[in-house]
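Below is the file start_11.txt, which contains compact mmCIF, C-alpha atoms.
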```
# COMPACT_ATOMS: atom_id res chain seq x y z
CA MET B 96 -13.33 15.63 27.56
CA THR B 97 -9.82 16.31 28.82
CA VAL B 98 -7.00 15.39 26.49
CA ARG B 99 -4.16 13.68 28.33
CA GLU B 100 -0.54 13.68 27.31
CA GLY B 101 0.35 10.71 25.12
CA SER B 102 2.86 8.00 25.84
CA LEU B 103 6.45 8.58 24.75
CA GLU B 104 7.00 4.85 24.30
CA ALA B 105 7.08 3.26 20.86
CA PRO B 106 3.63 2.12 19.72
CA THR B 107 2.84 -1.56 20.08
CA ARG B 108 0.19 -3.43 18.13
CA HIS B 109 -2.13 -6.01 19.64
CA ALA B 110 -3.20 -9.07 17.67
CA VAL B 111 -6.60 -8.84 15.96
CA ASP B 112 -9.02 -11.30 17.60
CA TRP B 113 -11.09 -11.57 14.45
CA LYS B 114 -12.27 -15.15 15.02
CA SER B 115 -14.01 -14.29 18.29
CA PRO B 116 -17.83 -13.97 18.04
CA ASP B 117 -17.54 -10.69 19.97
CA TYR B 118 -15.53 -9.22 17.12
CA TYR B 119 -18.68 -9.15 14.97
CA ASP B 120 -21.09 -8.03 17.72
CA GLU B 121 -22.47 -4.83 16.23
CA GLY B 122 -23.50 -3.40 19.61
CA LYS B 123 -19.98 -3.83 20.97
CA VAL B 124 -18.53 -2.31 17.80
CA TYR B 125 -20.78 0.75 18.25
CA ASP B 126 -19.65 1.04 21.89
CA GLU B 127 -15.98 0.95 20.89
CA MET B 128 -16.53 3.43 18.06
CA HIS B 129 -18.20 5.78 20.54
CA ARG B 130 -15.29 5.46 22.98
CA VAL B 131 -12.62 6.01 20.32
CA PHE B 132 -14.49 8.74 18.43
CA ASP B 133 -14.93 10.66 21.69
CA ILE B 134 -11.18 10.55 22.32
CA CYS B 135 -10.48 11.65 18.72
CA HIS B 136 -13.00 14.50 19.03
CA GLY B 137 -11.21 15.76 22.13
CA CYS B 138 -7.78 15.58 20.50
CA ARG B 139 -8.22 16.37 16.75
CA ARG B 140 -4.52 15.89 16.10
CA CYS B 141 -5.20 13.75 12.99
CA VAL B 142 -7.46 16.28 11.25
CA ASN B 143 -5.06 16.70 8.30
CA LEU B 144 -4.35 13.02 7.60
CA CYS B 145 -7.37 11.85 5.62
CA ASN B 146 -11.10 12.41 5.25
CA ALA B 147 -12.11 10.08 8.09
CA PHE B 148 -11.24 12.56 10.81
CA PRO B 149 -12.72 15.72 9.22
CA SER B 150 -15.87 13.68 8.55
CA LEU B 151 -16.05 12.72 12.23
CA PHE B 152 -15.41 16.23 13.46
CA ASP B 153 -17.98 17.72 11.08
CA LEU B 154 -20.57 15.26 12.36
CA VAL B 155 -19.82 16.36 15.93
CA ASP B 156 -19.66 20.07 15.20
CA ASN B 157 -22.89 20.04 13.19
CA GLY B 158 -24.73 17.86 15.68
CA SER B 159 -27.33 19.01 18.15
CA THR B 160 -24.99 19.18 21.16
CA GLY B 161 -21.55 19.84 19.71
CA GLU B 162 -20.42 16.60 21.34
CA LEU B 163 -20.46 12.98 20.18
CA ASP B 164 -23.78 12.31 21.89
CA GLY B 165 -25.37 14.57 19.28
CA VAL B 166 -24.31 12.28 16.44
CA ALA B 167 -26.61 9.46 15.31
CA LYS B 168 -24.89 6.09 15.53
CA ALA B 169 -25.96 5.32 11.97
CA ASP B 170 -23.70 8.20 10.89
CA TYR B 171 -20.64 6.47 12.36
CA TRP B 172 -20.49 4.50 9.11
CA LYS B 173 -19.74 7.71 7.21
CA VAL B 174 -16.44 7.78 9.09
CA VAL B 175 -15.77 4.10 8.48
CA ASP B 176 -16.27 4.50 4.72
CA GLN B 177 -13.66 7.29 4.59
CA CYS B 178 -10.92 5.16 6.19
CA TYR B 179 -8.64 3.27 3.81
CA LEU B 180 -6.49 1.64 6.54
CA CYS B 181 -3.26 3.48 5.73
CA ASP B 182 -2.21 3.21 9.42
CA MET B 183 -0.67 6.69 9.41
CA CYS B 184 -2.76 7.88 12.38
CA TYR B 185 -1.62 4.92 14.47
CA MET B 186 2.04 5.00 13.53
CA THR B 187 2.77 8.73 13.30
CA LYS B 188 0.13 10.89 14.98
CA CYS B 189 -1.96 9.32 17.74
CA PRO B 190 -0.61 9.83 21.30
CA TYR B 191 -3.04 7.28 22.77
CA VAL B 192 -1.96 4.07 21.06
CA PRO B 193 -0.78 1.12 23.19
CA PRO B 194 0.96 1.02 25.62
CA HIS B 195 -1.09 4.11 26.58
CA PRO B 196 -3.94 2.90 28.85
CA TRP B 197 -6.55 4.29 26.47
CA ASN B 198 -5.44 1.59 24.01
CA LEU B 199 -6.60 3.39 20.88
CA ASP B 200 -6.18 1.67 17.52
CA PHE B 201 -8.30 3.64 15.06
CA PRO B 202 -7.43 1.72 11.86
CA HIS B 203 -8.04 -1.69 13.40
CA LEU B 204 -11.35 -0.45 14.80
CA MET B 205 -12.26 0.65 11.28
CA LEU B 206 -11.20 -2.80 10.04
CA ARG B 207 -13.52 -4.39 12.61
CA ALA B 208 -16.40 -2.16 11.49
CA LYS B 209 -15.73 -3.02 7.84
CA ALA B 210 -15.71 -6.72 8.76
CA VAL B 211 -19.11 -6.35 10.43
CA LYS B 212 -20.45 -4.55 7.37
CA PHE B 213 -19.09 -7.22 5.04
CA ARG B 214 -20.51 -10.08 7.11
CA LYS B 215 -23.93 -8.39 7.08
CA GLY B 216 -23.82 -8.41 3.26
CA GLU B 217 -23.74 -4.62 2.99
CA THR B 218 -20.72 -4.45 0.68
CA SER B 219 -21.42 -3.46 -2.92
CA PHE B 220 -20.67 -5.58 -5.99
CA ARG B 221 -18.36 -2.78 -7.19
CA ASP B 222 -16.25 -2.97 -4.03
CA ARG B 223 -16.06 -6.77 -4.11
CA LEU B 224 -15.08 -6.63 -7.78
CA LEU B 225 -12.33 -4.03 -7.31
CA SER B 226 -10.83 -6.03 -4.43
CA SER B 227 -10.53 -9.15 -6.62
CA THR B 228 -7.29 -7.97 -8.23
CA ASP B 229 -5.96 -11.42 -9.06
CA ALA B 230 -9.18 -12.59 -10.73
CA LEU B 231 -9.49 -9.34 -12.69
CA GLY B 232 -5.86 -9.56 -13.79
CA LYS B 233 -6.17 -13.14 -14.99
CA LEU B 234 -9.25 -12.29 -17.04
CA ALA B 235 -8.02 -8.97 -18.42
CA THR B 236 -4.64 -10.31 -19.58
CA ILE B 237 -6.03 -13.11 -21.72
CA PRO B 238 -4.33 -12.41 -25.11
CA VAL B 239 -7.57 -11.94 -27.04
CA VAL B 240 -9.10 -9.82 -24.28
CA VAL B 241 -6.32 -7.47 -23.13
CA GLN B 242 -6.46 -5.01 -26.06
CA ALA B 243 -10.23 -4.70 -25.74
CA VAL B 244 -10.03 -4.12 -21.98
CA ASN B 245 -7.40 -1.40 -22.38
CA ALA B 246 -9.40 0.30 -25.12
CA PHE B 247 -12.57 0.11 -23.01
CA ASN B 248 -10.75 1.67 -20.02
CA LYS B 249 -9.63 4.62 -22.17
CA GLY B 250 -12.81 5.33 -24.11
CA ARG B 251 -14.76 8.39 -22.97
CA ALA B 252 -18.15 6.86 -23.72
CA THR B 253 -17.32 3.46 -22.25
CA ARG B 254 -15.95 5.06 -19.09
CA LYS B 255 -19.23 6.93 -18.64
CA VAL B 256 -21.02 3.60 -18.89
CA MET B 257 -18.61 2.12 -16.33
CA GLU B 258 -19.31 5.04 -14.00
CA SER B 259 -23.09 4.74 -14.24
CA VAL B 260 -23.15 0.94 -13.92
CA LEU B 261 -20.29 0.25 -11.50
CA GLY B 262 -19.53 3.57 -9.81
CA ILE B 263 -15.94 3.74 -11.09
CA ALA B 264 -15.04 7.39 -11.69
CA ALA B 265 -14.92 8.21 -15.40
CA GLU B 266 -12.22 10.82 -14.76
CA ARG B 267 -9.86 8.41 -13.02
CA ARG B 268 -7.07 7.23 -15.29
CA LEU B 269 -6.73 3.49 -15.01
CA PRO B 270 -3.51 1.55 -15.63
CA ASP B 271 -3.25 -0.63 -18.71
CA TYR B 272 -3.11 -4.38 -18.45
CA ALA B 273 0.07 -5.91 -19.84
CA GLY B 274 0.09 -8.07 -22.95
CA ARG B 275 2.52 -10.43 -21.23
CA LYS B 276 2.50 -11.05 -17.49
CA PHE B 277 5.62 -10.58 -15.39
CA ARG B 278 5.63 -14.20 -14.24
CA SER B 279 5.59 -15.30 -17.89
CA ALA B 280 8.25 -12.85 -19.04
CA ALA B 281 10.74 -13.15 -16.16
CA ARG B 282 13.73 -15.45 -16.64
CA PRO B 283 15.83 -14.79 -13.55
CA LYS B 284 19.25 -16.30 -12.99
CA SER B 285 19.23 -18.59 -9.99
CA ASP B 286 22.64 -20.17 -10.53
CA LEU B 287 24.78 -17.24 -9.36
CA PRO B 288 26.83 -17.92 -6.21
CA ALA B 289 24.98 -16.53 -3.20
CA LYS B 290 26.98 -14.20 -1.00
CA ASP B 291 25.34 -13.47 2.33
CA GLY B 292 25.89 -10.16 4.05
CA GLU B 293 25.82 -9.37 7.73
CA ARG B 294 22.35 -7.88 7.36
CA THR B 295 21.02 -9.55 4.23
CA PRO B 296 20.66 -13.02 2.74
CA GLY B 297 22.62 -13.31 -0.50
CA LYS B 298 19.78 -14.71 -2.58
CA VAL B 299 16.33 -13.34 -3.35
CA ALA B 300 12.88 -14.74 -4.05
CA ILE B 301 10.50 -12.29 -5.72
CA TYR B 302 6.81 -12.18 -4.85
CA SER B 303 5.56 -10.42 -7.95
CA THR B 304 2.27 -8.88 -6.64
CA CYS B 305 -0.90 -8.50 -8.71
CA TYR B 306 0.00 -5.03 -9.98
CA VAL B 307 3.48 -5.92 -11.23
CA ASN B 308 2.31 -9.23 -12.66
CA TYR B 309 -0.69 -7.88 -14.59
CA ASN B 310 -0.16 -4.14 -15.06
CA GLU B 311 3.49 -3.06 -15.00
CA PRO B 312 5.73 -6.12 -15.43
CA GLY B 313 8.60 -3.79 -16.31
CA ILE B 314 8.98 -2.92 -12.62
CA GLY B 315 9.63 -6.56 -11.76
CA LEU B 316 11.90 -7.10 -14.74
CA ASP B 317 13.93 -4.03 -13.77
CA LEU B 318 14.25 -5.34 -10.21
CA ILE B 319 15.67 -8.60 -11.55
CA LYS B 320 18.19 -6.67 -13.67
CA ILE B 321 19.33 -4.67 -10.64
CA LEU B 322 19.73 -7.76 -8.48
CA GLU B 323 21.60 -9.70 -11.16
CA HIS B 324 23.87 -6.74 -11.81
CA ASN B 325 24.75 -7.00 -8.13
CA ASP B 326 25.42 -10.76 -8.48
CA VAL B 327 22.38 -11.74 -6.43
CA PRO B 328 20.73 -15.00 -7.54
CA VAL B 329 16.99 -14.56 -8.08
CA ARG B 330 14.03 -16.88 -8.26
CA LEU B 331 10.25 -16.52 -8.48
CA LEU B 332 7.82 -18.34 -6.26
CA GLU B 333 6.41 -21.51 -7.78
CA LYS B 334 2.89 -20.28 -7.05
CA GLU B 335 1.34 -17.11 -5.69
CA ALA B 336 -1.96 -15.29 -5.29
CA CYS B 337 -3.00 -11.80 -4.18
CA CYS B 338 -1.46 -10.78 -0.85
CA GLY B 339 -4.93 -10.07 0.54
CA MET B 340 -4.59 -6.33 1.22
CA PRO B 341 -7.57 -5.38 -1.02
CA LYS B 342 -9.73 -7.93 0.80
CA LEU B 343 -8.48 -6.65 4.15
CA GLU B 344 -9.53 -3.12 3.19
CA LEU B 345 -12.95 -4.54 2.30
CA GLY B 346 -13.32 -6.31 5.67
CA ASP B 347 -13.45 -9.76 4.03
CA LEU B 348 -11.20 -11.50 6.54
CA ASP B 349 -12.21 -15.01 5.49
CA ALA B 350 -10.87 -14.23 2.00
CA VAL B 351 -7.66 -12.90 3.58
CA GLU B 352 -7.26 -16.25 5.31
CA ARG B 353 -7.86 -18.20 2.09
CA LEU B 354 -5.19 -16.16 0.30
CA LYS B 355 -2.84 -16.58 3.25
CA ASN B 356 -3.29 -20.35 3.03
CA THR B 357 -2.24 -20.22 -0.64
CA ASN B 358 0.74 -17.90 -0.26
CA ILE B 359 2.33 -18.60 3.10
CA PRO B 360 3.41 -22.22 2.42
CA GLN B 361 5.24 -21.06 -0.74
CA LEU B 362 6.80 -18.07 0.98
CA ALA B 363 7.74 -19.98 4.13
CA LYS B 364 9.50 -22.59 2.02
CA VAL B 365 11.86 -20.04 0.44
CA ALA B 366 12.30 -18.26 3.78
CA ARG B 367 13.48 -21.56 5.35
CA GLU B 368 15.88 -21.99 2.43
CA GLY B 369 17.55 -18.70 3.34
CA TYR B 370 16.08 -16.38 0.71
CA ALA B 371 15.23 -12.75 1.25
CA ILE B 372 11.69 -12.17 -0.09
CA LEU B 373 11.18 -8.93 -2.03
CA THR B 374 7.94 -7.32 -3.17
CA ALA B 375 7.85 -4.17 -5.27
CA ILE B 376 4.51 -2.88 -3.92
CA PRO B 377 4.59 -1.37 -0.39
CA SER B 378 1.06 -2.53 0.48
CA CYS B 379 1.99 -6.15 -0.23
CA THR B 380 5.20 -5.86 1.80
CA LEU B 381 3.24 -4.38 4.70
CA MET B 382 0.66 -7.15 4.49
CA TYR B 383 3.30 -9.80 5.10
CA LYS B 384 5.41 -7.80 7.53
CA SER B 385 2.61 -6.55 9.75
CA GLU B 386 -1.03 -7.30 8.97
CA LEU B 387 -0.87 -11.09 8.59
CA PRO B 388 1.24 -11.52 11.76
CA LEU B 389 -1.42 -9.55 13.66
CA LEU B 390 -4.26 -11.60 12.17
CA PHE B 391 -2.47 -14.95 12.67
CA PRO B 392 -0.15 -14.37 15.65
CA ASN B 393 0.27 -18.06 16.46
CA ASP B 394 1.28 -19.20 12.98
CA PRO B 395 5.07 -19.84 12.91
CA GLU B 396 5.16 -19.81 9.10
CA VAL B 397 3.58 -16.36 8.98
CA LYS B 398 6.25 -15.17 11.43
CA ALA B 399 9.04 -16.72 9.35
CA VAL B 400 7.78 -14.98 6.22
CA ALA B 401 7.54 -11.64 8.02
CA GLU B 402 11.15 -11.94 9.14
CA ALA B 403 12.33 -12.74 5.59
CA MET B 404 10.30 -9.99 3.88
CA PHE B 405 12.06 -6.88 2.55
CA ASP B 406 11.12 -3.79 0.63
CA PRO B 407 13.46 -3.77 -2.42
CA PHE B 408 15.22 -0.57 -1.38
CA GLU B 409 15.46 -1.69 2.21
CA TYR B 410 17.32 -4.73 0.90
CA LEU B 411 19.56 -2.77 -1.48
CA VAL B 412 20.57 -0.20 1.13
CA LEU B 413 21.41 -2.97 3.59
CA ARG B 414 23.50 -4.64 0.87
CA ASN B 415 25.33 -1.36 0.50
CA LYS B 416 26.01 -1.31 4.25
CA ASP B 417 27.34 -4.85 3.86
CA ARG B 418 29.65 -3.45 1.11
CA LEU B 419 28.10 -5.79 -1.42
CA LEU B 420 26.22 -3.26 -3.54
CA LYS B 421 27.75 -2.04 -6.78
CA THR B 422 27.69 1.73 -7.16
CA ASP B 423 28.97 1.85 -10.73
CA PHE B 424 26.17 4.14 -11.86
CA LYS B 425 26.61 5.39 -15.41
CA GLN B 426 23.61 7.64 -15.93
CA PRO B 427 22.69 10.69 -13.78
CA LEU B 428 19.00 11.09 -13.09
CA GLY B 429 18.91 14.88 -12.78
CA LYS B 430 16.04 16.21 -10.68
CA VAL B 431 13.79 13.56 -9.15
CA SER B 432 10.63 14.39 -7.19
CA TYR B 433 10.06 11.34 -5.03
CA HIS B 434 6.87 10.54 -3.10
CA ILE B 435 7.00 8.22 -0.09
CA ALA B 436 3.94 5.96 -0.03
CA CYS B 437 2.01 5.76 3.26
CA HIS B 438 2.27 1.96 3.39
CA LEU B 439 6.03 2.39 3.10
CA ARG B 440 6.22 5.04 5.81
CA VAL B 441 4.42 2.89 8.38
CA GLN B 442 7.01 0.12 7.97
CA ASN B 443 9.33 2.31 10.07
CA MET B 444 12.50 1.51 8.16
CA GLY B 445 13.54 5.03 7.19
CA ARG B 446 13.82 6.62 3.75
CA LYS B 447 15.61 3.79 1.98
CA THR B 448 14.46 4.67 -1.54
CA GLU B 449 15.60 8.25 -1.11
CA GLU B 450 18.92 7.00 0.27
CA MET B 451 19.43 4.77 -2.76
CA LEU B 452 18.51 7.48 -5.28
CA LYS B 453 21.00 9.84 -3.64
CA LEU B 454 23.79 7.36 -4.30
CA VAL B 455 23.48 8.15 -8.02
CA PRO B 456 25.89 10.95 -9.05
CA GLY B 457 24.30 13.94 -10.75
CA THR B 458 20.98 13.37 -9.02
CA THR B 459 19.02 15.64 -6.68
CA VAL B 460 15.98 14.33 -4.85
CA ASN B 461 12.96 16.35 -3.73
CA THR B 462 11.22 14.07 -1.23
CA VAL B 463 7.50 14.50 -0.48
CA GLU B 464 6.21 12.72 2.61
CA ARG B 465 2.44 13.11 2.53
CA CYS B 466 -0.60 11.06 1.48
CA SER B 467 -1.21 11.32 -2.27
CA GLY B 468 -4.94 10.66 -1.86
CA HIS B 469 -5.36 7.65 -4.17
CA ASP B 470 -5.23 4.97 -1.47
CA GLY B 471 -5.78 1.61 -3.13
CA THR B 472 -9.20 1.36 -4.75
CA TRP B 473 -10.64 4.28 -2.75
CA GLY B 474 -9.69 6.98 -5.24
CA VAL B 475 -11.12 4.97 -8.15
CA LYS B 476 -14.67 5.15 -6.80
CA THR B 477 -17.04 7.80 -8.14
CA GLU B 478 -18.04 9.12 -4.71
CA TYR B 479 -14.43 9.57 -3.56
CA PHE B 480 -12.61 10.65 -6.72
CA LYS B 481 -12.93 14.40 -6.07
CA ASP B 482 -11.85 13.91 -2.46
CA SER B 483 -8.82 11.93 -3.62
CA MET B 484 -7.76 14.78 -5.89
CA LYS B 485 -8.35 17.33 -3.11
CA ILE B 486 -6.21 15.36 -0.66
CA GLY B 487 -3.51 15.10 -3.31
CA ARG B 488 -3.29 18.81 -4.18
CA PRO B 489 -0.50 19.64 -1.70
CA VAL B 490 1.45 16.64 -3.01
CA PHE B 491 0.94 17.67 -6.63
CA ARG B 492 2.30 21.13 -5.84
CA GLN B 493 5.28 19.84 -3.87
CA MET B 494 6.15 17.25 -6.50
CA ALA B 495 6.23 20.00 -9.16
CA ASN B 496 8.75 22.08 -7.19
CA GLY B 497 12.02 22.69 -9.04
CA GLU B 498 10.69 21.48 -12.41
CA PRO B 499 11.76 17.83 -11.97
CA ASP B 500 12.91 15.58 -14.75
CA TYR B 501 11.15 12.62 -13.13
CA ILE B 502 8.31 12.05 -10.68
CA SER B 503 8.41 8.78 -8.81
CA SER B 504 6.68 6.85 -6.03
CA ASP B 505 7.18 3.37 -4.59
CA CYS B 506 3.41 3.00 -4.92
CA ALA B 507 2.83 2.73 -8.67
CA ILE B 508 -0.83 3.79 -8.51
CA ALA B 509 0.11 6.81 -6.36
CA GLY B 510 2.61 7.73 -9.08
CA ARG B 511 -0.15 7.61 -11.70
CA HIS B 512 -2.45 9.64 -9.47
CA ILE B 513 0.25 12.29 -8.93
CA GLN B 514 0.93 12.48 -12.66
CA GLN B 515 -2.77 13.00 -13.33
CA GLY B 516 -2.96 15.68 -10.64
CA MET B 517 0.14 17.52 -11.91
CA GLY B 518 -0.96 17.42 -15.53
CA ASP B 519 0.76 15.84 -18.51
CA GLY B 520 4.09 17.14 -19.72
CA ARG B 521 5.34 18.38 -16.36
CA ALA B 522 7.76 15.48 -15.83
CA GLN B 523 8.27 11.85 -16.84
CA LYS B 524 6.84 9.27 -14.43
CA GLN B 525 9.10 6.36 -13.58
CA HIS B 526 9.08 3.90 -10.71
CA PRO B 527 12.14 4.21 -8.41
CA ILE B 528 13.23 0.67 -9.36
CA THR B 529 13.23 1.68 -13.02
CA LEU B 530 15.20 4.83 -12.20
CA ILE B 531 17.94 2.77 -10.52
CA ARG B 532 18.02 0.37 -13.46
CA MET B 533 18.44 3.38 -15.76
CA ALA B 534 21.18 4.80 -13.50
CA TYR B 535 23.10 1.54 -13.78
CA GLY B 536 22.83 1.80 -17.58
CA LEU B 537 21.14 -1.59 -17.83
```
Represent the structure of the file as structure tokens.
Amino acid sequence: MTVREGSLEAPTRHAVDWKSPDYYDEGKVYDEMHRVFDICHGCRRCVNLCNAFPSLFDLVDNGSTGELDGVAKADYWKVVDQCYLCDMCYMTKCPYVPPHPWNLDFPHLMLRAKAVKFRKGETSFRDRLLSSTDALGKLATIPVVVQAVNAFNKGRATRKVMESVLGIAAERRLPDYAGRKFRSAARPKSDLPAKDGERTPGKVAIYSTCYVNYNEPGIGLDLIKILEHNDVPVRLLEKEACCGMPKLELGDLDAVERLKNTNIPQLAKVAREGYAILTAIPSCTLMYKSELPLLFPNDPEVKAVAEAMFDPFEYLVLRNKDRLLKTDFKQPLGKVSYHIACHLRVQNMGRKTEEMLKLVPGTTVNTVERCSGHDGTWGVKTEYFKDSMKIGRPVFRQMANGEPDYISSDCAIAGRHIQQGMGDGRAQKQHPITLIRMAYGL
């Protein structure tokens, strides 16, 4: 096929009509996959983004005709399984996204295919378990249980059992569960006088996220320290559940809606009260900024939450532009190798974390803007672990450049993945929020 020049206009995203019966019509999904895959085969611009595109192109090249008609439709699912919905192809590479008349949205087509697969009951127990982050966190952080879970996750023999029974890669290092959850440990000050800026509300509500709440509460506690140091009153939500991103990646859209119905009323309440809402995990921020508004385009509360949602460094940099950020940094950070997470890049807000780190005197930042390869739960699975490490190799090399003192990523699991790929002892891993807390001397 002939590849046409792409549109120079900014990409626009259409709402996902996931409640229509046609959305789950397998024949229509196959037809759309054929149309989109044929365009991708003719272009091949996204070959270096992830394994979905090389898998597609290999199927075509090794087929009987060298074109898409030589690929069995049953093999289309091999492409679907390699997509982890990072959105990078849509936001940074594809020249045929809307408003181009070809109207190509590869990640949302993969989402539709995953939703069909889930509704047919073809999703494994392992995948459903891994996507239940809130339920796993609540169970694993029970005081009597947490030490046993952490020991189990580190034992060589027990990890082999986990691999054989569940298909969770024995070589993948898993994060510990915290002995005390963030929401239990946090005691933010909410009685400080709020001072609004031109670009930012002067008070913050923190949506803790499953990972911060159950695995690394220190990230959330450090964020509170930074905000309070800058005289920003802080509060937690009265109630919260998982943002729904793991269920979205699974194609379980009904579960996404259930979680939305738990979270959005709480978030909309603080948004109406004039709070900025901060989340320390880029995937969660993206869920509220972009994915939920596309799934529920007619819900005014979802829209209100999206407008109030900030990445922490997006908020802090805007506070600096409002001349309300303190820059009394006391501790240089030396050499920092910083990785920009894909779910941060597709928010199209610029390199705010890098900008903030560069405010710290005595700090040089080596920024790496490429997929690390972990990608949510994808890199945990036995069949994808080696691929995740292969995808990450260029990142591991770039992060090691200049012998950094710290390696850091806004995505905490990407940071762990990079540390594993680089090897122990190369540099200390710290989240960017923790680095700024350290720089303030707090």
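Across B:Cys379, B:Ala436, B:Met494, B:Ala366, the tightest approach to B:Glu402 is made by B:Ala366 when counting only C-alpha atoms.
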With a cut-off of 9 Å, could you pull out the residues of stretch 332-438 of chain B touching stretch 308-327 of chain B and give me the nearest pair of atoms for each, distance in Å to one decimal, using only C-alpha atoms, ordered by chain and ascending number, as a Markdown table?
```
| residue | atom | partner | partner_atom | distance |
| --- | --- | --- | --- | --- |
| B:Thr374 | CA | B:Gly315 | CA | 8.8 |
| B:Ala375 | CA | B:Gly315 | CA | 7.1 |
| B:Pro407 | CA | B:Leu318 | CA | 8.0 |
| B:Leu411 | CA | B:Leu322 | CA | 8.6 |
| B:Leu419 | CA | B:Asn325 | CA | 7.6 |
| B:Leu420 | CA | B:Asn325 | CA | 6.1 |
| B:Lys421 | CA | B:Asn325 | CA | 6.0 |
```
**Report entry** Polymer residues at most 12 Å from B:Lys215, all atoms listed in the file, same-chain spacing of 6 or more positions, as a PyMOL selection string
**Finding:** chain B and resi 119-121+208-209+346-347
Requested in this report: Record the distance separating atom CA of B:Val174 and atom CA of B:Phe148, expressed in Å with one decimal.
Outcome: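 Rounded to one decimal, the two atoms are 7.3 Å apart.
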Query raised in the report: What's the 12 Å shell around B:Lys233, counting only C-alpha atoms, without same-chain residues fewer than 4 positions away, as a list in words?
Result: Ser227, Thr228, Asp229, Ile237, Pro238, Val240, Val241, Tyr272, Ala273, Gly274, Arg275, Lys276, Arg278, Cys305, Tyr306, Asn308, Tyr309, Asn310, Ala336 and Cys337 of chain B
Export, as a compact mmCIF listing (two decimals), keeping the file's coordinate frame, the selected residues with C-alpha atoms.
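Listing of again_12.txt after writing:
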```
# COMPACT_ATOMS: atom_id res chain seq x y z
CA SER B 227 -10.53 -9.15 -6.62
CA THR B 228 -7.29 -7.97 -8.23
CA ASP B 229 -5.96 -11.42 -9.06
CA ILE B 237 -6.03 -13.11 -21.72
CA PRO B 238 -4.33 -12.41 -25.11
CA VAL B 240 -9.10 -9.82 -24.28
CA VAL B 241 -6.32 -7.47 -23.13
CA TYR B 272 -3.11 -4.38 -18.45
CA ALA B 273 0.07 -5.91 -19.84
CA GLY B 274 0.09 -8.07 -22.95
CA ARG B 275 2.52 -10.43 -21.23
CA LYS B 276 2.50 -11.05 -17.49
CA ARG B 278 5.63 -14.20 -14.24
CA CYS B 305 -0.90 -8.50 -8.71
CA TYR B 306 0.00 -5.03 -9.98
CA ASN B 308 2.31 -9.23 -12.66
CA TYR B 309 -0.69 -7.88 -14.59
CA ASN B 310 -0.16 -4.14 -15.06
CA ALA B 336 -1.96 -15.29 -5.29
CA CYS B 337 -3.00 -11.80 -4.18
```
Report task. Take the point (-2.7, 13.1, 13.8) as written in the file and pick out every residue within 6 Å of it, counting all atoms listed in the file; give the list as a ChimeraX atom specification. Result -> /B:140-141,184,188-189
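Among the candidates B:Met451, B:Ile435, B:Leu261, B:Leu362, the one nearest to B:Lys476 when counting all atoms listed in the file is B:Leu261.
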Query raised in the report: Using all atoms listed in the file, which of B:Tyr191, B:Phe213, B:Tyr179, B:Phe408 sits nearest B:Gly468?
Result: B:Tyr179
Would you mind listing, for every residue of stretch 148-236 of chain B within 12 Å of stretch 477-492 of chain B, the two atoms forming the shortest contact and the distance between them in Å to one decimal, using all atoms listed in the file, sorted by chain and ascending residue number, as a tab-separated table?
```
residue	atom	partner	partner_atom	distance
B:Pro149	CA	B:Ile486	CA	11.8
B:Ser150	CA	B:Asp482	CA	11.7
B:Asp176	CA	B:Tyr479	CA	9.9
B:Gln177	CA	B:Tyr479	CA	8.5
B:Cys178	CA	B:Tyr479	CA	11.3
B:Tyr179	CA	B:Tyr479	CA	11.3
B:Arg221	CA	B:Thr477	CA	10.7
B:Asp222	CA	B:Thr477	CA	11.6
```
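Using only C-alpha atoms, the smallest distance between any of B:Leu331, B:Ala252, B:Leu390, B:Ala495 and B:Gln514 comes from B:Ala495.
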Please provide the set of residues having any atom within 12 Å of B:Asp349, restricted to all atoms listed in the file, with same-chain residues fewer than 2 positions apart removed, written as a CSV table (one decimal) with C-alpha atoms, in the coordinates of the input.
```csv
chain,number,residue,atom,x,y,z
B,113,TRP,CA,-11.1,-11.6,14.4
B,114,LYS,CA,-12.3,-15.2,15.0
B,210,ALA,CA,-15.7,-6.7,8.8
B,213,PHE,CA,-19.1,-7.2,5.0
B,214,ARG,CA,-20.5,-10.1,7.1
B,339,GLY,CA,-4.9,-10.1,0.5
B,342,LYS,CA,-9.7,-7.9,0.8
B,343,LEU,CA,-8.5,-6.6,4.2
B,345,LEU,CA,-13.0,-4.5,2.3
B,346,GLY,CA,-13.3,-6.3,5.7
B,347,ASP,CA,-13.4,-9.8,4.0
B,351,VAL,CA,-7.7,-12.9,3.6
B,352,GLU,CA,-7.3,-16.2,5.3
B,353,ARG,CA,-7.9,-18.2,2.1
B,354,LEU,CA,-5.2,-16.2,0.3
B,355,LYS,CA,-2.8,-16.6,3.2
B,356,ASN,CA,-3.3,-20.4,3.0
B,390,LEU,CA,-4.3,-11.6,12.2
```
Query - Which residue of B:Ile513, B:Ile531, B:Leu387, B:Leu154 approaches B:Glu449 most closely, using all atoms listed in the file - result: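 Of B:Ile513, B:Ile531, B:Leu387, B:Leu154, the one nearest B:Glu449 is B:Ile531, counting all atoms listed in the file.
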Report task. Name all residues at most 8 Å from B:Lys430 (count only C-alpha atoms; drop same-chain ones fewer than 4 positions away) and give them as a PyMOL selection string. Result -> chain B and resi 458-461+497-501
Report summary line: Between atom CA of B:Ser432 and atom CA of B:Asn248 lies a distance of 28.0 Å
